[in-house]
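Text of run13.tsv, listed as TSV, N, CA and C atoms:
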```
chain	number	residue	atom	x	y	z
A	48	MET	N	0.84	-1.17	0.00
A	48	MET	CA	0.00	0.00	0.00
A	48	MET	C	0.88	1.23	0.00
A	49	VAL	N	0.52	2.17	-0.85
A	49	VAL	CA	1.19	3.46	-0.88
A	49	VAL	C	0.34	4.43	-0.07
A	50	LEU	N	0.95	5.11	0.90
A	50	LEU	CA	0.23	6.01	1.79
A	50	LEU	C	0.92	7.35	1.83
A	51	LYS	N	0.17	8.42	1.56
A	51	LYS	CA	0.68	9.78	1.66
A	51	LYS	C	-0.16	10.51	2.70
A	52	ILE	N	0.52	11.16	3.63
A	52	ILE	CA	-0.16	11.92	4.67
A	52	ILE	C	0.19	13.38	4.50
A	53	GLY	N	-0.83	14.23	4.44
A	53	GLY	CA	-0.60	15.65	4.24
A	53	GLY	C	-1.58	16.47	5.04
A	54	GLY	N	-1.50	17.77	4.84
A	54	GLY	CA	-2.39	18.69	5.54
A	54	GLY	C	-1.60	19.77	6.22
A	55	ASP	N	-2.18	20.39	7.22
A	55	ASP	CA	-1.49	21.45	7.94
A	55	ASP	C	-0.60	20.86	9.03
A	56	MET	N	-0.20	21.67	9.96
A	56	MET	CA	0.73	21.25	11.02
A	56	MET	C	0.19	20.08	11.85
A	57	LEU	N	-1.13	19.93	11.87
A	57	LEU	CA	-1.75	18.85	12.62
A	57	LEU	C	-1.30	17.49	12.08
A	58	ALA	N	-1.06	17.40	10.78
A	58	ALA	CA	-0.66	16.14	10.16
A	58	ALA	C	0.75	15.72	10.58
A	59	LEU	N	1.52	16.65	11.11
A	59	LEU	CA	2.88	16.32	11.54
A	59	LEU	C	2.93	15.74	12.94
A	60	ASP	N	1.82	15.77	13.66
A	60	ASP	CA	1.77	15.21	15.01
A	60	ASP	C	2.04	13.71	14.95
A	61	ALA	N	2.93	13.22	15.78
A	61	ALA	CA	3.34	11.82	15.75
A	61	ALA	C	2.20	10.87	16.08
A	62	ALA	N	1.36	11.23	17.05
A	62	ALA	CA	0.24	10.35	17.42
A	62	ALA	C	-0.77	10.24	16.29
A	63	ILE	N	-1.02	11.33	15.61
A	63	ILE	CA	-1.97	11.31	14.49
A	63	ILE	C	-1.40	10.48	13.34
A	64	ARG	N	-0.13	10.64	13.05
A	64	ARG	CA	0.50	9.85	11.97
A	64	ARG	C	0.46	8.36	12.30
A	65	ARG	N	0.73	8.01	13.57
A	65	ARG	CA	0.68	6.60	13.97
A	65	ARG	C	-0.73	6.04	13.80
A	66	GLN	N	-1.73	6.82	14.20
A	66	GLN	CA	-3.11	6.34	14.06
A	66	GLN	C	-3.48	6.15	12.59
A	67	ILE	N	-3.08	7.08	11.73
A	67	ILE	CA	-3.37	6.95	10.30
A	67	ILE	C	-2.67	5.72	9.73
A	68	GLU	N	-1.41	5.50	10.09
A	68	GLU	CA	-0.68	4.34	9.59
A	68	GLU	C	-1.30	3.04	10.09
A	69	THR	N	-1.75	3.01	11.34
A	69	THR	CA	-2.40	1.82	11.89
A	69	THR	C	-3.72	1.54	11.18
A	70	GLU	N	-4.51	2.58	10.97
A	70	GLU	CA	-5.79	2.41	10.27
A	70	GLU	C	-5.57	1.98	8.82
A	71	ALA	N	-4.54	2.52	8.18
A	71	ALA	CA	-4.24	2.13	6.80
A	71	ALA	C	-3.80	0.67	6.74
A	72	ARG	N	-3.04	0.23	7.74
A	72	ARG	CA	-2.63	-1.17	7.80
A	72	ARG	C	-3.84	-2.09	7.96
A	73	LYS	N	-4.80	-1.67	8.80
A	73	LYS	CA	-6.03	-2.45	8.96
A	73	LYS	C	-6.80	-2.54	7.65
A	74	LEU	N	-6.81	-1.45	6.90
A	74	LEU	CA	-7.51	-1.43	5.61
A	74	LEU	C	-6.87	-2.41	4.63
A	75	THR	N	-5.55	-2.41	4.54
A	75	THR	CA	-4.88	-3.33	3.62
A	75	THR	C	-4.98	-4.77	4.10
A	76	ASP	N	-4.98	-5.00	5.41
A	76	ASP	CA	-5.14	-6.35	5.93
A	76	ASP	C	-6.54	-6.89	5.66
A	77	ARG	N	-7.52	-6.02	5.65
A	77	ARG	CA	-8.91	-6.42	5.40
A	77	ARG	C	-9.11	-6.85	3.95
A	78	PHE	N	-8.36	-6.23	3.02
A	78	PHE	CA	-8.48	-6.53	1.60
A	78	PHE	C	-7.09	-6.86	1.06
A	79	PRO	N	-6.59	-8.07	1.33
A	79	PRO	CA	-5.19	-8.39	1.01
A	79	PRO	C	-4.87	-8.42	-0.48
A	80	GLY	N	-5.80	-8.79	-1.34
A	80	GLY	CA	-5.50	-8.89	-2.76
A	80	GLY	C	-5.73	-7.60	-3.52
A	81	GLU	N	-6.13	-6.56	-2.83
A	81	GLU	CA	-6.51	-5.29	-3.47
A	81	GLU	C	-5.35	-4.30	-3.38
A	82	PRO	N	-4.78	-3.87	-4.52
A	82	PRO	CA	-3.74	-2.83	-4.46
A	82	PRO	C	-4.40	-1.49	-4.13
A	83	ILE	N	-3.89	-0.80	-3.12
A	83	ILE	CA	-4.50	0.44	-2.65
A	83	ILE	C	-3.45	1.54	-2.57
A	84	GLU	N	-3.76	2.69	-3.16
A	84	GLU	CA	-2.96	3.89	-3.00
A	84	GLU	C	-3.83	4.88	-2.26
A	85	ALA	N	-3.38	5.35	-1.11
A	85	ALA	CA	-4.21	6.23	-0.29
A	85	ALA	C	-3.49	7.54	0.00
A	86	GLN	N	-4.29	8.60	0.04
A	86	GLN	CA	-3.79	9.90	0.45
A	86	GLN	C	-4.72	10.42	1.53
A	87	VAL	N	-4.15	10.82	2.67
A	87	VAL	CA	-4.92	11.31	3.80
A	87	VAL	C	-4.51	12.75	4.07
A	88	ASN	N	-5.48	13.64	4.14
A	88	ASN	CA	-5.25	15.03	4.49
A	88	ASN	C	-5.96	15.34	5.80
A	89	VAL	N	-5.24	15.96	6.71
A	89	VAL	CA	-5.79	16.34	8.01
A	89	VAL	C	-5.63	17.85	8.15
A	90	GLN	N	-6.74	18.54	8.39
A	90	GLN	CA	-6.70	20.00	8.51
A	90	GLN	C	-7.65	20.48	9.59
A	91	GLU	N	-7.30	21.58	10.18
A	91	GLU	CA	-8.22	22.24	11.10
A	91	GLU	C	-9.09	23.18	10.27
A	92	GLU	N	-10.36	23.28	10.66
A	92	GLU	CA	-11.25	24.20	9.97
A	92	GLU	C	-12.16	24.86	11.00
A	93	PHE	N	-12.75	25.96	10.58
A	93	PHE	CA	-13.70	26.64	11.44
A	93	PHE	C	-15.04	26.65	10.73
A	94	ASP	N	-16.02	26.09	11.40
A	94	ASP	CA	-17.39	26.06	10.90
A	94	ASP	C	-18.21	26.96	11.83
A	95	GLN	N	-18.95	27.91	11.27
A	95	GLN	CA	-19.69	28.83	12.11
A	95	GLN	C	-20.73	28.13	12.96
A	96	LEU	N	-21.25	27.05	12.48
A	96	LEU	CA	-22.27	26.32	13.22
A	96	LEU	C	-21.66	25.45	14.31
A	97	HIS	N	-20.53	24.79	14.02
A	97	HIS	CA	-19.95	23.83	14.95
A	97	HIS	C	-18.65	24.30	15.62
A	98	GLY	N	-18.09	25.41	15.20
A	98	GLY	CA	-16.84	25.91	15.78
A	98	GLY	C	-15.62	25.25	15.15
A	99	HIS	N	-14.52	25.19	15.91
A	99	HIS	CA	-13.29	24.58	15.40
A	99	HIS	C	-13.44	23.07	15.36
A	100	ARG	N	-13.03	22.52	14.22
A	100	ARG	CA	-13.11	21.07	14.04
A	100	ARG	C	-11.89	20.60	13.25
A	101	VAL	N	-11.66	19.32	13.30
A	101	VAL	CA	-10.59	18.70	12.53
A	101	VAL	C	-11.24	17.93	11.39
A	102	ARG	N	-10.78	18.23	10.18
A	102	ARG	CA	-11.33	17.58	8.99
A	102	ARG	C	-10.31	16.57	8.47
A	103	CYS	N	-10.78	15.37	8.24
A	103	CYS	CA	-9.93	14.31	7.69
A	103	CYS	C	-10.53	13.87	6.37
A	104	GLU	N	-9.70	13.77	5.36
A	104	GLU	CA	-10.15	13.34	4.04
A	104	GLU	C	-9.26	12.21	3.56
A	105	LEU	N	-9.88	11.13	3.13
A	105	LEU	CA	-9.17	9.97	2.60
A	105	LEU	C	-9.56	9.78	1.16
A	106	SER	N	-8.57	9.74	0.29
A	106	SER	CA	-8.79	9.45	-1.12
A	106	SER	C	-7.98	8.19	-1.45
A	107	ALA	N	-8.69	7.12	-1.78
A	107	ALA	CA	-8.02	5.84	-2.03
A	107	ALA	C	-8.30	5.37	-3.45
A	108	LYS	N	-7.25	5.03	-4.17
A	108	LYS	CA	-7.37	4.46	-5.51
A	108	LYS	C	-7.20	2.95	-5.38
A	109	LEU	N	-8.18	2.24	-5.89
A	109	LEU	CA	-8.16	0.78	-5.82
A	109	LEU	C	-7.81	0.23	-7.19
A	110	GLY	N	-7.55	-1.07	-7.23
A	110	GLY	CA	-7.28	-1.71	-8.50
A	110	GLY	C	-8.48	-1.60	-9.43
A	111	ALA	N	-8.27	-1.75	-10.71
A	111	ALA	CA	-9.30	-1.71	-11.75
A	111	ALA	C	-9.93	-0.32	-11.87
A	112	GLY	N	-9.20	0.74	-11.52
A	112	GLY	CA	-9.66	2.10	-11.76
A	112	GLY	C	-10.76	2.60	-10.85
A	113	ARG	N	-10.98	1.97	-9.72
A	113	ARG	CA	-12.01	2.43	-8.79
A	113	ARG	C	-11.39	3.37	-7.77
A	114	GLN	N	-12.23	4.27	-7.22
A	114	GLN	CA	-11.75	5.24	-6.26
A	114	GLN	C	-12.78	5.45	-5.16
A	115	VAL	N	-12.28	5.65	-3.95
A	115	VAL	CA	-13.13	5.92	-2.79
A	115	VAL	C	-12.64	7.23	-2.17
A	116	VAL	N	-13.56	8.16	-1.96
A	116	VAL	CA	-13.24	9.42	-1.29
A	116	VAL	C	-14.18	9.58	-0.11
A	117	VAL	N	-13.60	9.77	1.08
A	117	VAL	CA	-14.38	9.90	2.30
A	117	VAL	C	-13.89	11.12	3.07
A	118	ARG	N	-14.83	11.94	3.54
A	118	ARG	CA	-14.50	13.12	4.34
A	118	ARG	C	-15.29	13.09	5.63
A	119	GLU	N	-14.65	13.56	6.70
A	119	GLU	CA	-15.33	13.62	8.00
A	119	GLU	C	-14.70	14.75	8.81
A	120	ALA	N	-15.52	15.46	9.56
A	120	ALA	CA	-15.03	16.52	10.43
A	120	ALA	C	-15.59	16.29	11.83
A	121	ARG	N	-14.71	16.31	12.81
A	121	ARG	CA	-15.09	16.10	14.21
A	121	ARG	C	-14.29	17.06	15.08
A	122	LYS	N	-14.68	17.16	16.33
A	122	LYS	CA	-13.95	18.01	17.29
A	122	LYS	C	-12.58	17.43	17.60
A	123	VAL	N	-12.48	16.11	17.64
A	123	VAL	CA	-11.24	15.42	18.00
A	123	VAL	C	-10.69	14.72	16.76
A	124	ALA	N	-9.41	14.88	16.51
A	124	ALA	CA	-8.78	14.32	15.31
A	124	ALA	C	-8.89	12.80	15.26
A	125	SER	N	-8.69	12.13	16.38
A	125	SER	CA	-8.72	10.66	16.39
A	125	SER	C	-10.09	10.12	15.99
A	126	GLU	N	-11.16	10.81	16.39
A	126	GLU	CA	-12.50	10.38	16.01
A	126	GLU	C	-12.73	10.55	14.51
A	127	ALA	N	-12.26	11.66	13.96
A	127	ALA	CA	-12.42	11.90	12.52
A	127	ALA	C	-11.66	10.85	11.71
A	128	ILE	N	-10.46	10.53	12.14
A	128	ILE	CA	-9.63	9.57	11.41
A	128	ILE	C	-10.25	8.17	11.47
A	129	SER	N	-10.67	7.74	12.64
A	129	SER	CA	-11.25	6.39	12.74
A	129	SER	C	-12.56	6.30	11.97
A	130	GLU	N	-13.37	7.35	11.97
A	130	GLU	CA	-14.63	7.34	11.22
A	130	GLU	C	-14.38	7.30	9.71
A	131	VAL	N	-13.37	8.02	9.25
A	131	VAL	CA	-13.04	8.02	7.81
A	131	VAL	C	-12.62	6.62	7.37
A	132	PHE	N	-11.77	5.97	8.13
A	132	PHE	CA	-11.30	4.65	7.72
A	132	PHE	C	-12.40	3.59	7.86
A	133	THR	N	-13.27	3.72	8.85
A	133	THR	CA	-14.40	2.79	8.98
A	133	THR	C	-15.32	2.90	7.78
A	134	THR	N	-15.63	4.12	7.38
A	134	THR	CA	-16.48	4.33	6.20
A	134	THR	C	-15.78	3.85	4.94
A	135	ALA	N	-14.49	4.06	4.84
A	135	ALA	CA	-13.75	3.61	3.66
A	135	ALA	C	-13.78	2.09	3.54
A	136	ARG	N	-13.61	1.37	4.67
A	136	ARG	CA	-13.69	-0.10	4.61
A	136	ARG	C	-15.05	-0.55	4.12
A	137	ARG	N	-16.11	0.09	4.61
A	137	ARG	CA	-17.46	-0.25	4.17
A	137	ARG	C	-17.64	0.02	2.67
A	138	ASN	N	-17.12	1.15	2.18
A	138	ASN	CA	-17.27	1.49	0.78
A	138	ASN	C	-16.44	0.57	-0.12
A	139	VAL	N	-15.25	0.20	0.31
A	139	VAL	CA	-14.43	-0.73	-0.48
A	139	VAL	C	-15.11	-2.08	-0.56
A	140	ARG	N	-15.67	-2.54	0.56
A	140	ARG	CA	-16.40	-3.81	0.55
A	140	ARG	C	-17.57	-3.75	-0.42
A	141	ARG	N	-18.29	-2.64	-0.42
A	141	ARG	CA	-19.44	-2.47	-1.32
A	141	ARG	C	-18.98	-2.46	-2.78
A	142	LEU	N	-17.87	-1.77	-3.07
A	142	LEU	CA	-17.35	-1.74	-4.44
A	142	LEU	C	-16.91	-3.12	-4.91
A	143	ARG	N	-16.26	-3.86	-4.03
A	143	ARG	CA	-15.83	-5.20	-4.41
A	143	ARG	C	-17.01	-6.11	-4.66
A	144	ARG	N	-18.05	-5.98	-3.84
A	144	ARG	CA	-19.25	-6.79	-4.03
A	144	ARG	C	-19.90	-6.46	-5.37
A	145	GLN	N	-19.99	-5.18	-5.72
A	145	GLN	CA	-20.58	-4.78	-6.99
A	145	GLN	C	-19.76	-5.29	-8.17
A	146	SER	N	-18.44	-5.25	-8.08
A	146	SER	CA	-17.61	-5.72	-9.18
A	146	SER	C	-17.73	-7.23	-9.36
A	147	VAL	N	-17.91	-7.96	-8.26
A	147	VAL	CA	-18.09	-9.41	-8.36
A	147	VAL	C	-19.44	-9.72	-9.01
A	148	LEU	N	-20.46	-8.96	-8.63
A	148	LEU	CA	-21.78	-9.18	-9.23
A	148	LEU	C	-21.80	-8.81	-10.70
A	149	ASP	N	-21.03	-7.80	-11.10
A	149	ASP	CA	-20.97	-7.42	-12.50
A	149	ASP	C	-20.27	-8.48	-13.34
A	150	LEU	N	-19.32	-9.20	-12.75
A	150	LEU	CA	-18.59	-10.23	-13.48
A	150	LEU	C	-19.34	-11.55	-13.55
A	151	ALA	N	-20.33	-11.73	-12.69
A	151	ALA	CA	-21.08	-13.00	-12.66
A	151	ALA	C	-21.93	-13.12	-13.92
A	152	PRO	N	-21.98	-14.33	-14.50
A	152	PRO	CA	-22.80	-14.52	-15.70
A	152	PRO	C	-24.28	-14.42	-15.37
A	153	ALA	N	-25.05	-13.97	-16.35
A	153	ALA	CA	-26.50	-13.85	-16.16
A	153	ALA	C	-27.12	-15.24	-16.11
A	154	PRO	N	-28.11	-15.44	-15.25
A	154	PRO	CA	-28.74	-16.76	-15.17
A	154	PRO	C	-29.51	-17.07	-16.45
A	155	LYS	N	-29.32	-18.30	-16.98
A	155	LYS	CA	-29.95	-18.70	-18.24
A	155	LYS	C	-31.33	-19.29	-18.02
A	156	THR	N	-31.69	-19.58	-16.79
A	156	THR	CA	-32.98	-20.22	-16.53
A	156	THR	C	-34.14	-19.30	-16.89
A	157	VAL	N	-33.96	-18.00	-16.77
A	157	VAL	CA	-35.02	-17.05	-17.11
A	157	VAL	C	-35.31	-17.11	-18.61
A	158	ALA	N	-34.26	-17.15	-19.44
A	158	ALA	CA	-34.45	-17.20	-20.88
A	158	ALA	C	-35.10	-18.51	-21.30
A	159	VAL	N	-34.76	-19.61	-20.67
A	159	VAL	CA	-35.33	-20.91	-21.01
A	159	VAL	C	-36.81	-20.92	-20.65
A	160	ARG	N	-37.17	-20.40	-19.53
A	160	ARG	CA	-38.57	-20.36	-19.11
A	160	ARG	C	-39.39	-19.50	-20.07
A	161	ALA	N	-38.82	-18.38	-20.50
A	161	ALA	CA	-39.55	-17.50	-21.42
A	161	ALA	C	-39.77	-18.21	-22.75
A	162	ALA	N	-38.76	-18.94	-23.23
A	162	ALA	CA	-38.91	-19.67	-24.49
A	162	ALA	C	-39.94	-20.78	-24.36
A	163	SER	N	-39.96	-21.49	-23.25
A	163	SER	CA	-40.94	-22.56	-23.07
A	163	SER	C	-42.33	-21.99	-22.91
A	164	ALA	N	-42.46	-20.80	-22.33
A	164	ALA	CA	-43.78	-20.18	-22.19
A	164	ALA	C	-44.32	-19.78	-23.55
A	165	GLN	N	-43.45	-19.34	-24.46
A	165	GLN	CA	-43.90	-18.97	-25.79
A	165	GLN	C	-44.34	-20.22	-26.56
A	166	VAL	N	-43.64	-21.31	-26.40
A	166	VAL	CA	-43.99	-22.55	-27.10
A	166	VAL	C	-45.34	-23.07	-26.58
A	167	ALA	N	-45.59	-22.96	-25.31
A	167	ALA	CA	-46.81	-23.46	-24.73
A	167	ALA	C	-48.04	-22.66	-25.16
A	168	THR	N	-47.87	-21.39	-25.46
A	168	THR	CA	-49.01	-20.56	-25.84
A	168	THR	C	-49.37	-20.68	-27.30
A	169	ARG	N	-48.55	-21.25	-28.13
A	169	ARG	CA	-48.84	-21.35	-29.56
A	169	ARG	C	-49.79	-22.44	-29.87
```
Show me, as structure tokens, the structure contained in the file I just sent.
Amino acid sequence: MVLKIGGDMLALDAAIRRQIETEARKLTDRFPGEPIEAQVNVQEEFDQLHGHRVRCELSAKLGAGRQVVVREARKVASEAISEVFTTARRNVRRLRRQSVLDLAPAPKTVAVRAASAQVATR
């Protein structure tokens, strides 16, 4: 897995970097055959409604040209990071399930039944 961590000075905090690396390792361990390139940005922002918050954004490129982008803002950086990676795991699982279903052959029993129904009505 290729992992890039960026953002403002908050991204340089050792505890935050360790948490991001740990969560990224969990993501790659969950999907061992999937090549993943991830970029994580951590920034502080001010929202007039919620005040100061930490925004975490994960952009992951998966094999076969698929991409997952997840954003989350929370008061505490560790909560935003864990929520982003949890949502990313769910989205990657959903994408893999869809790609498997797209590759599955269409059932032929429906076509056979339709042909036999036409023969029976003649």
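Rounded to one decimal, atom C of Ile52 in chain A and CA of Ala85 in chain A lie 9.7 Å from each other.
Distance-wise, CA of Leu142 in chain A and CA of Ile63 in chain A end up 27.7 Å apart.
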Per DSSP on the backbone, filter range 108-140 of chain A down to the residues in strand (DSSP E or B) and report them as an mmCIF file with N, CA and C atoms, keeping the file's coordinate frame.
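What follows is the written file result_2.cif:
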```cif
data_model
loop_
_atom_site.group_PDB
_atom_site.id
_atom_site.type_symbol
_atom_site.label_atom_id
_atom_site.label_comp_id
_atom_site.auth_asym_id
_atom_site.auth_seq_id
_atom_site.Cartn_x
_atom_site.Cartn_y
_atom_site.Cartn_z
ATOM 1 N N LYS A 108 -7.250 5.030 -4.170
ATOM 2 C CA LYS A 108 -7.370 4.460 -5.510
ATOM 3 C C LYS A 108 -7.200 2.950 -5.380
ATOM 4 N N LEU A 109 -8.180 2.240 -5.890
ATOM 5 C CA LEU A 109 -8.160 0.780 -5.820
ATOM 6 C C LEU A 109 -7.810 0.230 -7.190
ATOM 7 N N GLN A 114 -12.230 4.270 -7.220
ATOM 8 C CA GLN A 114 -11.750 5.240 -6.260
ATOM 9 C C GLN A 114 -12.780 5.450 -5.160
ATOM 10 N N VAL A 115 -12.280 5.650 -3.950
ATOM 11 C CA VAL A 115 -13.130 5.920 -2.790
ATOM 12 C C VAL A 115 -12.640 7.230 -2.170
ATOM 13 N N VAL A 116 -13.560 8.160 -1.960
ATOM 14 C CA VAL A 116 -13.240 9.420 -1.290
ATOM 15 C C VAL A 116 -14.180 9.580 -0.110
ATOM 16 N N VAL A 117 -13.600 9.770 1.080
ATOM 17 C CA VAL A 117 -14.380 9.900 2.300
ATOM 18 C C VAL A 117 -13.890 11.120 3.070
ATOM 19 N N ARG A 118 -14.830 11.940 3.540
ATOM 20 C CA ARG A 118 -14.500 13.120 4.340
ATOM 21 C C ARG A 118 -15.290 13.090 5.630
ATOM 22 N N GLU A 119 -14.650 13.560 6.700
ATOM 23 C CA GLU A 119 -15.330 13.620 8.000
ATOM 24 C C GLU A 119 -14.700 14.750 8.810
ATOM 25 N N ALA A 120 -15.520 15.460 9.560
ATOM 26 C CA ALA A 120 -15.030 16.520 10.430
ATOM 27 C C ALA A 120 -15.590 16.290 11.830
ATOM 28 N N ARG A 121 -14.710 16.310 12.810
ATOM 29 C CA ARG A 121 -15.090 16.100 14.210
ATOM 30 C C ARG A 121 -14.290 17.060 15.080
#
```
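Point (-3.8, 6.8, -4.9) has the following residues at most 6.5 Å away: Ile83, Glu84, Ala85, Gln86, Ser106, Ala107, Lys108 and Leu109 of chain A (atoms considered: all atoms listed in the file).
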Separation of atom N of Asp55 in chain A from atom N of Arg100 in chain A, in Å and rounded to one decimal: 13.1 Å
Kindly compute an axis-aligned box around the listed atoms of range 123-131 of chain A, allowing 5 Å on each side, and express its centre and edge lengths in Å to one decimal as AutoDock Vina command-line options.
```
--center_x -11.7 --center_y 11.2 --center_z 12.7 --size_x 15.9 --size_y 19.8 --size_z 20.6
```
Long-range neighbours of Gly80 in chain A as JSON, numbers by chain, 8 Å cut-off, all atoms listed in the file, 4 positions minimum in chain: {"A": [75, 76, 110]}
Shell of 12 Å around Thr69 in chain A, only C-alpha atoms, local chain residues under 5 positions omitted, as a PyMOL selection string: chain A and resi 50+62-64+74-76+125+128-129+132
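For the choices A:Val131, A:Val101, A:Val115, A:Ala71, the atom-to-atom distance to Met56 in chain A is smallest for A:Val101 when using only C-alpha atoms.
Proximity of A:Ala127, A:Lys122, A:Arg137, A:Met48 to Glu81 in chain A, computed with only N, CA and C atoms, is greatest for A:Met48.
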